[in-house]
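Visitor: Next up, upload.cif (mmCIF, C-alpha atoms).
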data_coords
#
loop_
_atom_site.group_PDB
_atom_site.id
_atom_site.type_symbol
_atom_site.label_atom_id
_atom_site.label_comp_id
_atom_site.auth_asym_id
_atom_site.auth_seq_id
_atom_site.Cartn_x
_atom_site.Cartn_y
_atom_site.Cartn_z
ATOM 1 C CA MET A 1 -39.916 31.476 45.485
ATOM 2 C CA LEU A 2 -39.709 34.754 43.552
ATOM 3 C CA LYS A 3 -40.147 36.688 46.798
ATOM 4 C CA ALA A 4 -37.202 34.813 48.393
ATOM 5 C CA VAL A 5 -34.978 35.572 45.389
ATOM 6 C CA ALA A 6 -35.955 39.253 45.569
ATOM 7 C CA ILE A 7 -35.138 39.378 49.294
ATOM 8 C CA ILE A 8 -31.758 37.725 48.692
ATOM 9 C CA ALA A 9 -31.028 40.191 45.861
ATOM 10 C CA VAL A 10 -31.900 43.170 48.087
ATOM 11 C CA VAL A 11 -29.760 41.867 50.968
ATOM 12 C CA PHE A 12 -26.894 41.264 48.526
ATOM 13 C CA ALA A 13 -27.231 44.790 47.062
ATOM 14 C CA VAL A 14 -27.314 46.343 50.542
ATOM 15 C CA GLY A 15 -24.200 44.355 51.489
ATOM 16 C CA ILE A 16 -22.322 45.566 48.414
ATOM 17 C CA ALA A 17 -23.436 49.151 49.071
ATOM 18 C CA ALA A 18 -22.227 48.885 52.669
ATOM 19 C CA VAL A 19 -18.816 47.642 51.553
ATOM 20 C CA LEU A 20 -18.516 50.482 49.033
ATOM 21 C CA VAL A 21 -19.521 53.084 51.634
ATOM 22 C CA LEU A 22 -17.009 51.654 54.119
ATOM 23 C CA ALA A 23 -14.326 51.753 51.405
ATOM 24 C CA LEU A 24 -15.010 55.438 50.849
ATOM 25 C CA THR A 25 -14.148 56.104 54.509
ATOM 26 C CA LYS A 26 -10.640 54.661 54.106
ATOM 27 C CA SER A 27 -7.612 56.922 53.668
ATOM 28 C CA ASP A 28 -6.358 57.880 50.210
ATOM 29 C CA THR A 29 -2.866 56.804 51.290
ATOM 30 C CA PHE A 30 -1.365 53.975 53.286
ATOM 31 C CA ARG A 31 1.757 53.563 55.382
ATOM 32 C CA VAL A 32 3.237 50.449 56.953
ATOM 33 C CA GLU A 33 6.233 50.822 59.267
ATOM 34 C CA ARG A 34 8.202 48.444 61.446
ATOM 35 C CA SER A 35 11.456 48.926 63.376
ATOM 36 C CA LEU A 36 13.919 46.628 65.099
ATOM 37 C CA ALA A 37 17.106 47.271 67.066
ATOM 38 C CA VAL A 38 20.065 45.376 65.633
ATOM 39 C CA LYS A 39 23.214 44.967 67.713
ATOM 40 C CA ALA A 40 25.522 45.938 64.880
ATOM 41 C CA PRO A 41 26.732 49.192 63.360
ATOM 42 C CA ALA A 42 24.829 50.604 60.398
ATOM 43 C CA ASP A 43 27.744 49.845 58.067
ATOM 44 C CA ALA A 44 27.287 46.114 58.807
ATOM 45 C CA ILE A 45 23.545 46.242 58.024
ATOM 46 C CA TYR A 46 23.331 48.719 55.157
ATOM 47 C CA PRO A 47 25.087 46.555 52.504
ATOM 48 C CA HIS A 48 22.442 43.823 52.887
ATOM 49 C CA VAL A 49 19.747 46.312 51.907
ATOM 50 C CA ALA A 50 21.628 48.503 49.402
ATOM 51 C CA ASP A 51 22.505 45.502 47.207
ATOM 52 C CA PHE A 52 19.455 43.763 45.726
ATOM 53 C CA HIS A 53 21.562 40.648 45.077
ATOM 54 C CA ARG A 54 21.771 40.198 48.859
ATOM 55 C CA TRP A 55 18.016 40.375 49.489
ATOM 56 C CA THR A 56 17.759 36.587 49.060
ATOM 57 C CA GLY A 57 19.492 36.318 52.446
ATOM 58 C CA TRP A 58 16.840 38.205 54.411
ATOM 59 C CA SER A 59 13.770 39.365 52.450
ATOM 60 C CA PRO A 60 10.593 37.509 53.458
ATOM 61 C CA TYR A 61 9.397 37.572 49.847
ATOM 62 C CA GLU A 62 12.388 35.832 48.277
ATOM 63 C CA GLY A 63 11.593 32.310 49.507
ATOM 64 C CA ARG A 64 7.936 32.281 48.504
ATOM 65 C CA ASP A 65 8.660 31.161 44.958
ATOM 66 C CA PRO A 66 11.838 29.124 44.394
ATOM 67 C CA ALA A 67 11.333 29.465 40.612
ATOM 68 C CA MET A 68 10.956 33.262 40.697
ATOM 69 C CA LYS A 69 12.719 35.031 37.829
ATOM 70 C CA ARG A 70 14.958 37.896 38.922
ATOM 71 C CA THR A 71 16.557 40.576 36.787
ATOM 72 C CA PHE A 72 19.173 42.989 38.131
ATOM 73 C CA GLY A 73 20.209 46.180 36.375
ATOM 74 C CA GLY A 74 21.634 49.641 36.783
ATOM 75 C CA THR A 75 24.449 50.014 39.262
ATOM 76 C CA ALA A 76 25.623 47.034 41.319
ATOM 77 C CA GLN A 77 24.285 48.586 44.522
ATOM 78 C CA GLY A 78 23.022 51.866 45.902
ATOM 79 C CA LYS A 79 21.459 54.642 43.852
ATOM 80 C CA GLY A 80 20.477 53.462 40.387
ATOM 81 C CA ALA A 81 20.386 49.739 41.218
ATOM 82 C CA THR A 82 17.298 47.994 39.852
ATOM 83 C CA TYR A 83 15.617 44.692 40.523
ATOM 84 C CA ALA A 84 12.664 43.134 38.732
ATOM 85 C CA TRP A 85 10.894 39.941 39.723
ATOM 86 C CA ASP A 86 8.306 37.702 38.142
ATOM 87 C CA GLY A 87 6.918 34.867 40.192
ATOM 88 C CA ASN A 88 3.913 32.883 41.271
ATOM 89 C CA ASN A 89 0.785 34.289 42.933
ATOM 90 C CA ASN A 90 2.606 34.549 46.268
ATOM 91 C CA VAL A 91 5.084 37.135 44.955
ATOM 92 C CA GLY A 92 3.531 38.497 41.765
ATOM 93 C CA ALA A 93 5.629 40.681 39.503
ATOM 94 C CA GLY A 94 7.185 44.100 39.842
ATOM 95 C CA HIS A 95 10.209 46.338 39.750
ATOM 96 C CA MET A 96 12.300 48.283 42.277
ATOM 97 C CA GLU A 97 14.846 51.043 41.830
ATOM 98 C CA ILE A 98 16.994 52.644 44.510
ATOM 99 C CA LEU A 99 16.399 56.390 44.215
ATOM 100 C CA GLU A 100 18.347 57.576 47.231
ATOM 101 C CA ALA A 101 21.243 55.942 49.015
ATOM 102 C CA ASN A 102 22.794 57.842 51.898
ATOM 103 C CA ALA A 103 25.442 55.420 53.100
ATOM 104 C CA GLN A 104 24.579 53.904 56.441
ATOM 105 C CA SER A 105 21.633 56.227 57.138
ATOM 106 C CA LYS A 106 18.841 55.955 54.544
ATOM 107 C CA LEU A 107 17.772 54.103 51.434
ATOM 108 C CA ARG A 108 14.701 55.121 49.387
ATOM 109 C CA ILE A 109 13.272 52.735 46.800
ATOM 110 C CA LYS A 110 10.694 53.218 44.070
ATOM 111 C CA LEU A 111 8.524 50.089 44.262
ATOM 112 C CA ASP A 112 6.166 49.242 41.404
ATOM 113 C CA PHE A 113 3.899 46.197 41.482
ATOM 114 C CA GLU A 114 2.510 44.849 38.217
ATOM 115 C CA ARG A 115 0.540 41.897 39.563
ATOM 116 C CA PRO A 116 -1.452 40.578 41.280
ATOM 117 C CA PHE A 117 -2.454 44.258 41.658
ATOM 118 C CA GLU A 118 -0.890 47.341 40.159
ATOM 119 C CA GLY A 119 0.665 49.605 42.738
ATOM 120 C CA HIS A 120 3.210 52.420 42.809
ATOM 121 C CA ASN A 121 4.759 52.867 46.226
ATOM 122 C CA THR A 122 7.871 54.002 48.028
ATOM 123 C CA ALA A 123 9.899 51.878 50.424
ATOM 124 C CA GLU A 124 12.467 53.329 52.813
ATOM 125 C CA PHE A 125 15.017 51.908 55.161
ATOM 126 C CA THR A 126 16.594 54.098 57.809
ATOM 127 C CA PHE A 127 19.493 53.217 60.090
ATOM 128 C CA VAL A 128 19.763 55.206 63.328
ATOM 129 C CA PRO A 129 22.614 54.484 65.781
ATOM 130 C CA GLN A 130 21.487 53.782 69.349
ATOM 131 C CA GLY A 131 24.481 53.020 71.538
ATOM 132 C CA ASP A 132 25.858 49.618 70.529
ATOM 133 C CA ALA A 133 22.836 48.970 68.281
ATOM 134 C CA THR A 134 21.209 50.429 65.195
ATOM 135 C CA LEU A 135 17.484 51.026 64.918
ATOM 136 C CA VAL A 136 16.496 49.739 61.473
ATOM 137 C CA THR A 137 13.144 50.994 60.201
ATOM 138 C CA TRP A 138 11.412 49.587 57.112
ATOM 139 C CA VAL A 139 8.579 51.701 55.723
ATOM 140 C CA MET A 140 6.327 51.376 52.696
ATOM 141 C CA TYR A 141 3.848 54.066 51.739
ATOM 142 C CA GLY A 142 1.870 55.235 48.758
ATOM 143 C CA PRO A 143 -1.545 56.009 47.343
ATOM 144 C CA ALA A 144 -4.544 53.816 48.142
ATOM 145 C CA PRO A 145 -6.697 53.629 45.008
ATOM 146 C CA PHE A 146 -10.361 52.700 45.384
ATOM 147 C CA MET A 147 -9.841 48.941 44.865
ATOM 148 C CA SER A 148 -7.208 49.017 47.611
ATOM 149 C CA LYS A 149 -9.736 50.698 49.894
ATOM 150 C CA VAL A 150 -12.290 47.971 49.115
ATOM 151 C CA MET A 151 -9.702 45.327 50.042
ATOM 152 C CA GLN A 152 -8.980 47.195 53.279
ATOM 153 C CA VAL A 153 -12.599 46.648 54.340
ATOM 154 C CA PHE A 154 -11.765 42.929 54.600
ATOM 155 C CA ILE A 155 -7.981 42.857 55.114
ATOM 156 C CA ASN A 156 -5.856 44.812 57.555
ATOM 157 C CA MET A 157 -2.984 45.838 55.267
ATOM 158 C CA ASP A 158 -0.847 47.061 58.160
ATOM 159 C CA SER A 159 -1.027 43.689 59.896
ATOM 160 C CA MET A 160 -0.527 41.703 56.688
ATOM 161 C CA ILE A 161 2.447 43.654 55.341
ATOM 162 C CA GLY A 162 3.748 44.479 58.816
ATOM 163 C CA LYS A 163 4.080 40.769 59.608
ATOM 164 C CA ASP A 164 6.314 40.396 56.533
ATOM 165 C CA PHE A 165 8.385 43.428 57.534
ATOM 166 C CA GLU A 166 8.849 42.007 61.027
ATOM 167 C CA ALA A 167 10.058 38.684 59.576
ATOM 168 C CA GLY A 168 12.418 40.471 57.176
ATOM 169 C CA LEU A 169 13.874 42.672 59.891
ATOM 170 C CA ALA A 170 14.392 39.623 62.133
ATOM 171 C CA SER A 171 16.288 37.875 59.292
ATOM 172 C CA LEU A 172 18.318 41.024 58.635
ATOM 173 C CA LYS A 173 19.165 41.174 62.353
ATOM 174 C CA LYS A 174 20.424 37.561 62.307
ATOM 175 C CA LEU A 175 22.631 38.270 59.300
ATOM 176 C CA ALA A 176 24.093 41.492 60.691
ATOM 177 C CA GLU A 177 24.706 40.155 64.198
ATOM 178 C CA LYS A 178 26.772 37.150 63.031
#
Let's see the structure in the file written out as structure tokens.

Guide:
Amino acid sequence: MLKAVAIIAVVFAVGIAAVLVLALTKSDTFRVERSLAVKAPADAIYPHVADFHRWTGWSPYEGRDPAMKRTFGGTAQGKGATYAWDGNNNVGAGHMEILEANAQSKLRIKLDFERPFEGHNTAEFTFVPQGDATLVTWVMYGPAPFMSKVMQVFINMDSMIGKDFEAGLASLKKLAEK
């Protein structure tokens, strides 16, 4: 019996060591990016992103907690606008601030997560005209601390977050093409 417990302990320790070694091979940064062509001019799309009050109409995260508490501050939209949220385990808690707002071309957002995990990232939206459409690109990037690297051994962050970005861009497309 003692020998079986010792073997299980060794296998468990080797498994943990393998996960930690794999985590060390992961990048110190991450980047998730998705794009979608929207048949609308940038000036019809941009206001939905530059005004946090309008995110309820398209953001894939807004509907995950109907009781989520939202706080808006700073300017009404564009540079200086802020948005804080506090919700269930599906949305966690955090804060965003628009740092750069180049009308109809680019929006850069400081994105800080408080829970379920602390994270300090940047989100960007770019709007590039392409004939009668606009290519909208949603990007999030930032540092990947060690615990994030451990999670990446088990979870493909690009697929997980990318799926949300794809859903958000599809909702944004529906709104802008009305």

Visitor: Suppose a student applies the PyMOL selection byres ((chain A and resi 108) around 10) to this structure; what residues should they get, written as a PyMOL selection string?

Guide: chain A and resi 50+78-79+97-102+106-107+109-111+122-126+139-140

Visitor: Only C-alpha atoms, please: the residues just picked out, written as a compact mmCIF listing (two decimals), in the coordinates of the input.

Guide:
# COMPACT_ATOMS: atom_id res chain seq x y z
CA ALA A 50 21.63 48.50 49.40
CA GLY A 78 23.02 51.87 45.90
CA LYS A 79 21.46 54.64 43.85
CA GLU A 97 14.85 51.04 41.83
CA ILE A 98 16.99 52.64 44.51
CA LEU A 99 16.40 56.39 44.22
CA GLU A 100 18.35 57.58 47.23
CA ALA A 101 21.24 55.94 49.02
CA ASN A 102 22.79 57.84 51.90
CA LYS A 106 18.84 55.96 54.54
CA LEU A 107 17.77 54.10 51.43
CA ILE A 109 13.27 52.74 46.80
CA LYS A 110 10.69 53.22 44.07
CA LEU A 111 8.52 50.09 44.26
CA THR A 122 7.87 54.00 48.03
CA ALA A 123 9.90 51.88 50.42
CA GLU A 124 12.47 53.33 52.81
CA PHE A 125 15.02 51.91 55.16
CA THR A 126 16.59 54.10 57.81
CA VAL A 139 8.58 51.70 55.72
CA MET A 140 6.33 51.38 52.70

Visitor: Between A:Gly73, A:Gly94, A:Gly57, A:Pro129, which has the minimum distance to Glu114 (chain A) (counting only C-alpha atoms)?

Guide: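 So, comparing all the options, the nearest one is A:Gly94.
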
Visitor: How far is it from CA of Glu118 (chain A) to CA of Asp164 (chain A), in Å with one decimal?

Guide: 19.2 Å

Visitor: Expand the PyMOL selection byres ((chain A and resi 83-89) around 8) into the explicit residue set it covers here, and present it as a PDB file with C-alpha atoms, keeping the file's coordinate frame.

Guide:
ATOM      1  CA  PHE A  52      19.455  43.763  45.726  1.00  0.00           C
ATOM      2  CA  ASP A  65       8.660  31.161  44.958  1.00  0.00           C
ATOM      3  CA  ALA A  67      11.333  29.465  40.612  1.00  0.00           C
ATOM      4  CA  MET A  68      10.956  33.262  40.697  1.00  0.00           C
ATOM      5  CA  LYS A  69      12.719  35.031  37.829  1.00  0.00           C
ATOM      6  CA  ARG A  70      14.958  37.896  38.922  1.00  0.00           C
ATOM      7  CA  THR A  71      16.557  40.576  36.787  1.00  0.00           C
ATOM      8  CA  PHE A  72      19.173  42.989  38.131  1.00  0.00           C
ATOM      9  CA  GLY A  73      20.209  46.180  36.375  1.00  0.00           C
ATOM     10  CA  ALA A  81      20.386  49.739  41.218  1.00  0.00           C
ATOM     11  CA  THR A  82      17.298  47.994  39.852  1.00  0.00           C
ATOM     12  CA  ASN A  90       2.606  34.549  46.268  1.00  0.00           C
ATOM     13  CA  VAL A  91       5.084  37.135  44.955  1.00  0.00           C
ATOM     14  CA  GLY A  92       3.531  38.497  41.765  1.00  0.00           C
ATOM     15  CA  ALA A  93       5.629  40.681  39.503  1.00  0.00           C
ATOM     16  CA  GLY A  94       7.185  44.100  39.842  1.00  0.00           C
ATOM     17  CA  HIS A  95      10.209  46.338  39.750  1.00  0.00           C
ATOM     18  CA  MET A  96      12.300  48.283  42.277  1.00  0.00           C
ATOM     19  CA  GLU A  97      14.846  51.043  41.830  1.00  0.00           C
ATOM     20  CA  PRO A 116      -1.452  40.578  41.280  1.00  0.00           C
TER      21      PRO A 116
END

Visitor: On this structure, the PyMOL selection byres ((chain A and resi 178) around 10) would catch which residues? List them as a PyMOL selection string, sorted by chain and number.

Guide: chain A and resi 39-40+44+173-177

Visitor: So which residues touch Trp55 (chain A) within 12 Å, counting only C-alpha atoms, skipping near sequence neighbours fewer than 4 positions away, as a list in words?

Guide: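 So, after excluding close chain neighbours, the residues are Ile45, Tyr46, Pro47, His48, Val49, Ala50, Asp51, Ser59, Pro60, Tyr61, Glu62, Gly63, Arg70, Phe72, Gln77, Tyr83, Gly168, Leu169, Ser171, Leu172 and Leu175 of chain A.
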
Visitor: Record the distance separating CA of Arg64 (chain A) and CA of Ile161 (chain A), expressed in Å with one decimal.

Guide: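 A separation of 14.4 Å between them.
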
Visitor: Identify which of the residues A:Phe30, A:Trp58, A:Phe127, A:Phe117 lies closest to Gln104 (chain A), counting only C-alpha atoms when measuring atom-to-atom distances.

Guide: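 For Gln104 (chain A), the nearest of the given residues is A:Phe127.
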
Visitor: Would you fill the gaps in region 91-102 of chain A so it has all heavy atoms, then print it as a short mmCIF file (atom, residue, chain, number, x, y, z; two decimals), in the coordinates of the input?

Guide:
data_model
loop_
_atom_site.label_atom_id
_atom_site.label_comp_id
_atom_site.auth_asym_id
_atom_site.auth_seq_id
_atom_site.Cartn_x
_atom_site.Cartn_y
_atom_site.Cartn_z
N VAL A 91 4.17 35.99 45.07
CA VAL A 91 5.08 37.14 44.96
C VAL A 91 4.70 38.09 43.83
O VAL A 91 5.13 39.24 43.83
CB VAL A 91 6.55 36.68 44.77
CG1 VAL A 91 7.05 35.97 46.00
CG2 VAL A 91 6.74 35.83 43.54
N GLY A 92 3.94 37.64 42.87
CA GLY A 92 3.53 38.50 41.76
C GLY A 92 4.69 38.93 40.90
O GLY A 92 5.69 38.21 40.76
N ALA A 93 4.58 40.13 40.36
CA ALA A 93 5.63 40.68 39.50
C ALA A 93 5.75 42.17 39.78
O ALA A 93 4.78 42.83 40.15
CB ALA A 93 5.31 40.46 38.03
N GLY A 94 6.98 42.68 39.61
CA GLY A 94 7.18 44.10 39.84
C GLY A 94 8.62 44.51 39.60
O GLY A 94 9.43 43.74 39.06
N HIS A 95 8.91 45.72 40.03
CA HIS A 95 10.21 46.34 39.75
C HIS A 95 10.55 47.30 40.88
O HIS A 95 9.68 48.00 41.39
CB HIS A 95 10.10 47.09 38.42
CG HIS A 95 11.34 47.81 38.02
ND1 HIS A 95 11.57 49.12 38.34
CD2 HIS A 95 12.41 47.40 37.33
CE1 HIS A 95 12.74 49.49 37.84
NE2 HIS A 95 13.27 48.47 37.23
N MET A 96 11.83 47.33 41.27
CA MET A 96 12.30 48.28 42.28
C MET A 96 13.52 49.02 41.73
O MET A 96 14.31 48.45 40.98
CB MET A 96 12.74 47.56 43.56
CG MET A 96 11.63 46.89 44.31
SD MET A 96 12.15 46.31 45.95
CE MET A 96 13.14 44.89 45.55
N GLU A 97 13.66 50.26 42.16
CA GLU A 97 14.85 51.04 41.83
C GLU A 97 15.23 51.88 43.04
O GLU A 97 14.38 52.56 43.63
CB GLU A 97 14.60 51.96 40.64
CG GLU A 97 15.81 52.82 40.30
CD GLU A 97 15.60 53.75 39.12
OE1 GLU A 97 14.50 53.75 38.54
OE2 GLU A 97 16.53 54.51 38.81
N ILE A 98 16.52 51.83 43.39
CA ILE A 98 16.99 52.64 44.51
C ILE A 98 17.15 54.08 44.01
O ILE A 98 17.94 54.35 43.10
CB ILE A 98 18.32 52.10 45.08
CG1 ILE A 98 18.09 50.68 45.64
CG2 ILE A 98 18.85 53.03 46.17
CD1 ILE A 98 19.34 49.99 46.15
N LEU A 99 16.39 54.98 44.61
CA LEU A 99 16.40 56.39 44.22
C LEU A 99 17.34 57.22 45.07
O LEU A 99 17.85 58.25 44.61
CB LEU A 99 14.99 56.98 44.32
CG LEU A 99 13.91 56.34 43.45
CD1 LEU A 99 12.56 57.00 43.73
CD2 LEU A 99 14.27 56.43 41.97
N GLU A 100 17.51 56.81 46.31
CA GLU A 100 18.35 57.58 47.23
C GLU A 100 19.12 56.59 48.09
O GLU A 100 18.54 55.64 48.62
CB GLU A 100 17.46 58.46 48.11
CG GLU A 100 18.19 59.30 49.11
CD GLU A 100 17.23 60.11 49.99
OE1 GLU A 100 16.02 60.19 49.69
OE2 GLU A 100 17.71 60.65 50.99
N ALA A 101 20.40 56.82 48.20
CA ALA A 101 21.24 55.94 49.02
C ALA A 101 22.24 56.79 49.79
O ALA A 101 23.28 57.18 49.26
CB ALA A 101 21.97 54.93 48.12
N ASN A 102 21.90 57.10 51.01
CA ASN A 102 22.79 57.84 51.90
C ASN A 102 23.48 56.81 52.78
O ASN A 102 22.88 56.31 53.73
CB ASN A 102 22.02 58.85 52.75
CG ASN A 102 21.37 59.92 51.90
OD1 ASN A 102 21.85 60.24 50.83
ND2 ASN A 102 20.26 60.45 52.36
#
